[in-house]
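Trainee: Here it is: the structure, laid out below.
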2 protein chains.
Amino acid sequence: MTHYTDKISIETSKTSKIDTVDFDNLDFGRLFTDHMFVCDYEDGKWQTPKVMPYQAMTFEPSARVFHYGQAVFEGMKAYKDDEGKVFLFRPKANFDRINKSSERLAMPAFPENYFFEGLEALLKLDSDWIQPGVGNSLYLRPFIIATEPAISASPANNYRFMIICSPAKSYYNAPVRVLIAEEYSRSADGGVGFAKAAGNYAAQFYPTSLAQEKGFQQIIWTDASTHSFLEEAGTMNVFFRVGDKLITAPTSDRILDGVTRKSMLQLAEDLGITCEVRRVTVEEIKTAAKEGELKEIFGTGTAAVISVISAFEHKGELFEIPEIEDSYAKLFKKTLLEIQHNISEDKHNWRYEIK
Amino acid sequence: MTHYTDKISIETSKTSKIDTVDFDNLDFGRLFTDHMFVCDYEDGKWQTPKVMPYQAMTFEPSARVFHYGQAVFEGMKAYKDDEGKVFLFRPKANFDRINKSSERLAMPAFPENYFFEGLEALLKLDSDWIQPGVGNSLYLRPFIIATEPAISASPANNYRFMIICSPAKSYYNAPVRVLIAEEYSRSADGGVGFAKAAGNYAAQFYPTSLAQEKGFQQIIWTDASTHSFLEEAGTMNVFFRVGDKLITAPTSDRILDGVTRKSMLQLAEDLGITCEVRRVTVEEIKTAAKEGELKEIFGTGTAAVISVISAFEHKGELFEIPEIEDSYAKLFKKTLLEIQHNISEDKHNWRYEIK
Ligand SMILES: Cc1ncc(COP(=O)(O)O)c(C=O)c1O
Ligand SMILES: Cc1ncc(COP(=O)(O)O)c(C=O)c1O
């Protein structure tokens with residue numbers, strides 16, 4: 001059945017796959033809900049957006065995304081409270097960021113009303129896919145790809161914006177062991193590291209696979225010029241706790257401005273925990289570890305919320321970070337999840353209810 | 001009609017579009033021949049390759065290429081001599097390079113026999129699309145994309161290798177004016193600049209569009225750390241002629257190892273022209289320009305062969321490079337095209353005949 005709202009055309013799925021889903025055993029990002037949101041950019045403007053049954057789509061082999069990587073994405077989550085109310089978390093930050101990413105890749109800005117109407121339409125149709133319970137969520141993946149069938153190396157004229165949704169339990173549960181980058185890099189000054197540009201991720205896979213062969217799940221990237229400053233991990237910003245103080249790198253043109261990071265900085269202030277935003281050297285963290293002052297390292301990101309780092313290696317030296325009782329990681333994770341799931345007060349207006 | 005050779009399954013197109021093509025007015029990369037080559041990687045190996053009618057294909061919205069930019073490509077050309085013989089130019093170099101690019105993006109190596117059998121099958125079926133005449137060619141675009149429908153940020157298990165073909169006249173004819181990068185960068189040490197990774201190209205579009213607004217068609221990239229060394233242009237390596245000597249930057253993990261560049265180095269040796277392969281500073285080129293010693297700058301790449309650079313700007317200083325009579329650019333272009341088109345002797349065995 002196709003009907004038109006003011007702006008979006010909606011075609012609902014005749015059947016639902018939801019009864020076939022084992023919500024206790026979700027493999028992240030492989031299973032998608034019944035609907036998706038699609039909006040094409042043609043003739044210099046975004047056309048009428050559509051919600052339609054989740055399905056495969058046809059592309060020309062010459063679509064520019066396949067050749068020149070003109071593609072950006074976002075990652076966000078919807079949460080359900082015990083009364084069945086559905087919330088997003090700071091969605092405006094994701095909206096702003098996708099347009100910042102697009103601008104850097106010479107792609108057109110997406111309209112704010114389409115972004116929000118798309119999310120709302122999808123979340124209403126697929127609300128049964130959002131399981132209540134802290135830690136459960138529906139992962140939302142807005143993305144934009146260059147569809148124009150022409151392989152000249154220049155920005156495309158046609159694009160497709162889509163949102164697909166995948167039910168998720170919290171991602172990365174076990175503490176991770178990380179390698180500090182000494183040779184490979186994630187991004188350059190003046191490059192696209194701050195953008196959620198598709199190509200930034202593929203570029204990390206090989207160095208990460210080398211790290212995995214050595215028993216480390218992730219890499220903490222350092223600056224490409226000197227490899228002496230700690231920057232961020234594959235899909236997480238990173239915080240270091242030295243004594244009772246937190247330190248995290250400032251965002252830059254190399255580092256993604258994470259929504260979780262930003263929220264963490266505010267929560268630290270709320271909780272009276274000092275957090276220094278400044279360049280962090282590998283050496284100072286190694287020294288702190290040797291002196292017993294390095295209490296915690298953790299990554300922050302939408303997918304994992306907070307991911308505890310239990311060990312790091314740099315230039316062949318391995319540092320284990322023993323688990324502690326009064327961990328900031330645990331405190332921040334609980335505080336954030338309770339705001340996200342409408343359990344605690346939302347004094348910064350971070351929740352966005354889907355009504 | 002589908003028939004099987006030893007290894008490739010071939011389905012020929014029932015009709016040909018060739019009669020609708022105006023070969024004198026080709027818009028680069030928008031028009032493709034009647035056939036394409038497709039080979040899927042599944043269950044840990046490359047499956048039976050297929051040649052089939054050129055057509056759009058179906059992809060899941062969650063195909064990893066759309067999200068993480070796991071995509072590499074090559075650019076090569078087929079030429080026809082006056083007797084109708086068809087040649088490739090150093091195709092083994094492109095084959096080796098696509099696998100080098102794939103390795104850096106954690107993608108599986110493609111088998112050499114499939115690569116060559118695919119090219120041969122396509123070029124036999126679509127040989128009418130290769131126009132004789134120096135400067136005409138059929139541009140071949142091998143590429144590999146991650147097709148696995150799963151949005152976890154890790155290397156895919158499924159890929160598609162394809163070759164599509166587009167008739168071309170020589171690309172970039174007019175001399176170009178370039179801006180020397182002072183702020184933006186193309187690649188980092190330890191990054192993927194040496195690979196023909198899709199994401200490297202989208203990352204250049206925005207800075208290039210800013211350069212275009214100032215009247216420069218291209219950017220010559222400099223090293224990301226200091227912006228003091230000249231590296232390469234968007235899809236070309238760069239040569240500087242100071243006096244009678246050529247200088248070009250060494251390849252590195254930031255710079256693509258161009259087939260044209262490599263051939264140029266050999267031709268320079270053959271022609272008795274000194275070519276220094278070493279780091280080139282912006283300052284020395286500006287000084288040479290001021291002293292009247294900078295005779296030429298040109299880019300080299302498969303698409304344009306040789307592209308003359310007639311002016312460059314750096315930190316607000318504009319340098320015009322007057323056209324000269326005995327230009328190396330012209331000499332090299334002619335020498336190379338004559339080898340490619342089977343007009344002159346091929347002493348290095350660069351031509352590869354399709355029989
Ligand atoms: C490179 C990178 N850093 C950090 C993050 C964390 O950002 P956020 O907290 O907005 O999810 C992400 C994405 O999730 C990322 O891709
Ligand atoms: C970044 C870059 N540099 C240089 C070149 C020139 O390489 P080739 O001579 O092999 O075409 C290309 C591709 O064509 C390229 O993409």
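By convention in this document, the chains of the structure tokens carry letters A, B, ... by their order, each chain's residues are numbered from 1, and ligands are numbered from 1 in the order they are shown.
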Can you pull out every residue with an atom within 8 Å of ligand 2? Use only C-alpha atoms and all ligand atoms and format it as an MDAnalysis selection string.
Mentor: chainID B and resid 74:76 94 193:194 196 200:201 232:237 255:262 300:303 305
Trainee: With 12 Å as the cut-off and only C-alpha atoms and all ligand atoms counted, what is the closest atom pair between each nearby residue of chain B and ligand 1? Distances in Å to one decimal, ordered by chain and number, as JSON lines.
Mentor:
```
{"residue": "B:His67", "atom": "CA", "partner": "ligand 1", "partner_atom_place_in_ligand_line": "16 (O)", "distance": 10.9}
{"residue": "B:Tyr68", "atom": "CA", "partner": "ligand 1", "partner_atom_place_in_ligand_line": "16 (O)", "distance": 10.1}
{"residue": "B:Ser152", "atom": "CA", "partner": "ligand 1", "partner_atom_place_in_ligand_line": "14 (O)", "distance": 11.3}
{"residue": "B:Ala153", "atom": "CA", "partner": "ligand 1", "partner_atom_place_in_ligand_line": "16 (O)", "distance": 9.0}
```
Trainee: Can you spit out the residues from that selection as a compact mmCIF listing (two decimals), in the first residue's frame, using N, CA and C atoms?
Mentor:
```
# COMPACT_ATOMS: atom_id res chain seq x y z
N HIS B 67 29.38 1.53 2.67
CA HIS B 67 29.58 2.04 4.03
C HIS B 67 31.04 2.26 4.37
N TYR B 68 31.91 1.35 3.92
CA TYR B 68 33.29 1.41 4.37
C TYR B 68 34.30 1.58 3.25
N SER B 152 29.12 -4.38 9.67
CA SER B 152 30.12 -4.28 10.73
C SER B 152 31.41 -3.79 10.08
N ALA B 153 32.15 -2.99 10.84
CA ALA B 153 33.33 -2.32 10.28
C ALA B 153 34.53 -3.27 10.27
```
Trainee: Taking only C-alpha atoms into account, produce a table as CSV in which each residue of chain A with an atom at most 8 Å from an atom of chain B appears once, together with its shortest atom pair and the distance in Å to one decimal, ordered by chain and rising number.
Mentor:
```
residue,atom,partner,partner_atom,distance
A:Phe28,CA,B:Ser152,CA,6.4
A:Gly29,CA,B:Ile151,CA,4.8
A:Arg30,CA,B:Ala150,CA,4.6
A:Leu31,CA,B:Ala150,CA,7.9
A:Gln55,CA,B:Glu60,CA,6.9
A:Ala56,CA,B:Glu60,CA,4.3
A:Met57,CA,B:Thr58,CA,5.2
A:Thr58,CA,B:Thr58,CA,4.3
A:Phe59,CA,B:Ala56,CA,5.4
A:Glu60,CA,B:Ala56,CA,4.3
A:Pro61,CA,B:Ala56,CA,6.1
A:Ser62,CA,B:Ile164,CA,7.9
A:Val65,CA,B:Phe66,CA,7.1
A:Phe66,CA,B:Ala71,CA,6.5
A:His67,CA,B:Ala198,CA,5.2
A:Tyr68,CA,B:Ala198,CA,4.1
A:Gly69,CA,B:Gly199,CA,4.2
A:Gln70,CA,B:Ala202,CA,4.9
A:Ala71,CA,B:Phe66,CA,6.5
A:Val72,CA,B:His67,CA,7.1
A:Phe73,CA,B:His67,CA,6.6
A:Glu103,CA,B:Tyr206,CA,7.4
A:Arg104,CA,B:Tyr206,CA,5.8
A:Leu105,CA,B:Ala202,CA,5.7
A:Ala106,CA,B:Tyr206,CA,4.8
A:Phe143,CA,B:His67,CA,7.3
A:Ile145,CA,B:Phe66,CA,6.6
A:Pro149,CA,B:Arg30,CA,6.6
A:Ala150,CA,B:Arg30,CA,4.6
A:Ile151,CA,B:Gly29,CA,4.8
A:Ser152,CA,B:Gly29,CA,5.6
A:Ala153,CA,B:Tyr201,CA,7.0
A:Ser154,CA,B:Phe205,CA,6.1
A:Pro155,CA,B:Phe205,CA,6.1
A:Ile164,CA,B:Pro61,CA,7.6
A:Glu183,CA,B:Gly190,CA,5.6
A:Tyr184,CA,B:Gly190,CA,3.9
A:Ser185,CA,B:Gly190,CA,4.9
A:Arg186,CA,B:Gly191,CA,6.4
A:Ser187,CA,B:Ala188,CA,6.1
A:Ala188,CA,B:Ala188,CA,4.7
A:Asp189,CA,B:Ala224,CA,5.9
A:Gly190,CA,B:Tyr184,CA,3.9
A:Gly191,CA,B:Ser185,CA,5.2
A:Val192,CA,B:Ala203,CA,6.4
A:Ala197,CA,B:Tyr68,CA,7.7
A:Ala198,CA,B:Tyr68,CA,4.1
A:Gly199,CA,B:Gly199,CA,4.2
A:Asn200,CA,B:Tyr68,CA,7.1
A:Tyr201,CA,B:Tyr68,CA,5.1
A:Ala202,CA,B:Gln70,CA,4.9
A:Ala203,CA,B:Leu105,CA,5.7
A:Gln204,CA,B:Leu105,CA,7.6
A:Phe205,CA,B:Ala106,CA,5.9
A:Tyr206,CA,B:Ala106,CA,4.8
A:Ser209,CA,B:Ala106,CA,7.8
A:Ala224,CA,B:Asp189,CA,5.9
A:Ser225,CA,B:Ser225,CA,5.7
```
Trainee: Find the residues near Ile130 in chain A: any atom within 9 Å, counting only C-alpha atoms, skip ones fewer than 3 places away on the same chain, and give them as an MDAnalysis selection string.
Mentor: chainID A and resid 78:80 86 123 126:127 136:138 167:168
Trainee: Output N, CA and C atoms for every residue in that selection, as a CSV table (one decimal), in the first residue's frame.
Mentor:
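Generated file (part30.csv):
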```csv
chain,number,residue,atom,x,y,z
A,78,ALA,N,18.1,4.0,18.3
A,78,ALA,CA,16.8,4.3,18.9
A,78,ALA,C,16.7,3.4,20.1
A,79,TYR,N,16.1,3.9,21.2
A,79,TYR,CA,15.9,3.2,22.4
A,79,TYR,C,14.5,3.2,22.8
A,80,LYS,N,14.0,2.1,23.5
A,80,LYS,CA,12.7,2.1,24.0
A,80,LYS,C,12.7,2.0,25.5
A,86,VAL,N,9.7,5.6,22.4
A,86,VAL,CA,10.9,5.5,21.6
A,86,VAL,C,11.7,6.8,21.6
A,123,LEU,N,10.8,4.8,12.3
A,123,LEU,CA,10.7,4.3,13.7
A,123,LEU,C,9.3,4.0,14.0
A,126,ASP,N,8.6,0.6,12.1
A,126,ASP,CA,9.3,-0.6,12.6
A,126,ASP,C,9.6,-0.5,14.1
A,127,SER,N,8.6,0.1,14.9
A,127,SER,CA,8.9,0.2,16.3
A,127,SER,C,9.0,-1.1,17.0
A,136,ASN,N,19.7,-2.7,24.8
A,136,ASN,CA,19.1,-3.1,23.5
A,136,ASN,C,18.8,-1.8,22.8
A,137,SER,N,18.8,-1.9,21.5
A,137,SER,CA,18.6,-0.7,20.7
A,137,SER,C,18.3,-1.1,19.2
A,138,LEU,N,17.9,-0.1,18.5
A,138,LEU,CA,17.8,-0.3,17.0
A,138,LEU,C,18.9,0.6,16.4
A,167,PRO,N,18.5,-4.2,14.3
A,167,PRO,CA,18.4,-4.4,15.8
A,167,PRO,C,19.8,-4.8,16.4
A,168,ALA,N,20.1,-4.2,17.6
A,168,ALA,CA,21.4,-4.4,18.1
A,168,ALA,C,21.4,-4.6,19.7
```
Trainee: Among range 279-343 of chain A, which ones does DSSP place in strand (DSSP E or B), written as number ranges by chain?
Mentor: A: 280-281, 294-301, 305-314, 317-320
Trainee: Near Val178 in chain A, counting only C-alpha atoms, which residues have an atom at most 6 Å away, once you skip same-chain residues fewer than 5 positions from it, shown as a list of chain:residue names?
Mentor: A:Phe216, A:Gln217, A:Gln218, A:Ile219, A:Phe312
Trainee: Using the selection just defined, write its residues with C-alpha atoms as an mmCIF file, in the first residue's frame.
Mentor:
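Full text of again.cif as output:
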```
data_model
loop_
_atom_site.group_PDB
_atom_site.id
_atom_site.type_symbol
_atom_site.label_atom_id
_atom_site.label_comp_id
_atom_site.auth_asym_id
_atom_site.auth_seq_id
_atom_site.Cartn_x
_atom_site.Cartn_y
_atom_site.Cartn_z
ATOM 1 C CA PHE A 216 45.009 -7.030 19.604
ATOM 2 C CA GLN A 217 41.421 -6.323 18.548
ATOM 3 C CA GLN A 218 41.873 -2.660 17.762
ATOM 4 C CA ILE A 219 44.436 0.021 16.994
ATOM 5 C CA PHE A 312 48.004 -1.746 25.055
#
```
Trainee: Which residue out of A:Lys169, A:Lys333, A:Lys85, A:Lys7 has the minimum interatomic distance to Thr48 in chain A when only C-alpha atoms are used?
Mentor: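 Nearest candidate to Thr48 in chain A out of A:Lys169, A:Lys333, A:Lys85, A:Lys7: A:Lys7.
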Trainee: Between CA of Ile324 in chain B and CA of Thr251 in chain B, measure the distance and give it in Å to one decimal.
Mentor: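 Between CA of Ile324 in chain B and CA of Thr251 in chain B the gap is 28.1 Å.
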Trainee: Which value, in Å to one decimal, gives the distance between CA of His314 in chain A and CA of Arg278 in chain A?
Mentor: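 These atoms are spaced 20.6 Å apart.
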Trainee: What is the CA of Cys275 in chain A to CA of Lys100 in chain A distance in Å?
Mentor: 26.1 Å
Trainee: Can you tell me which residues surround range 239-245 of chain A at a distance of at most 12 Å, considering only C-alpha atoms, apart from same-chain residues fewer than 4 positions away, and format the answer as a PyMOL selection string?
Mentor: chain A and resi 220+230-233+249-250+260-262+264-265+268-269+272-282+284-301+306-310+312+321+324+326-329+332
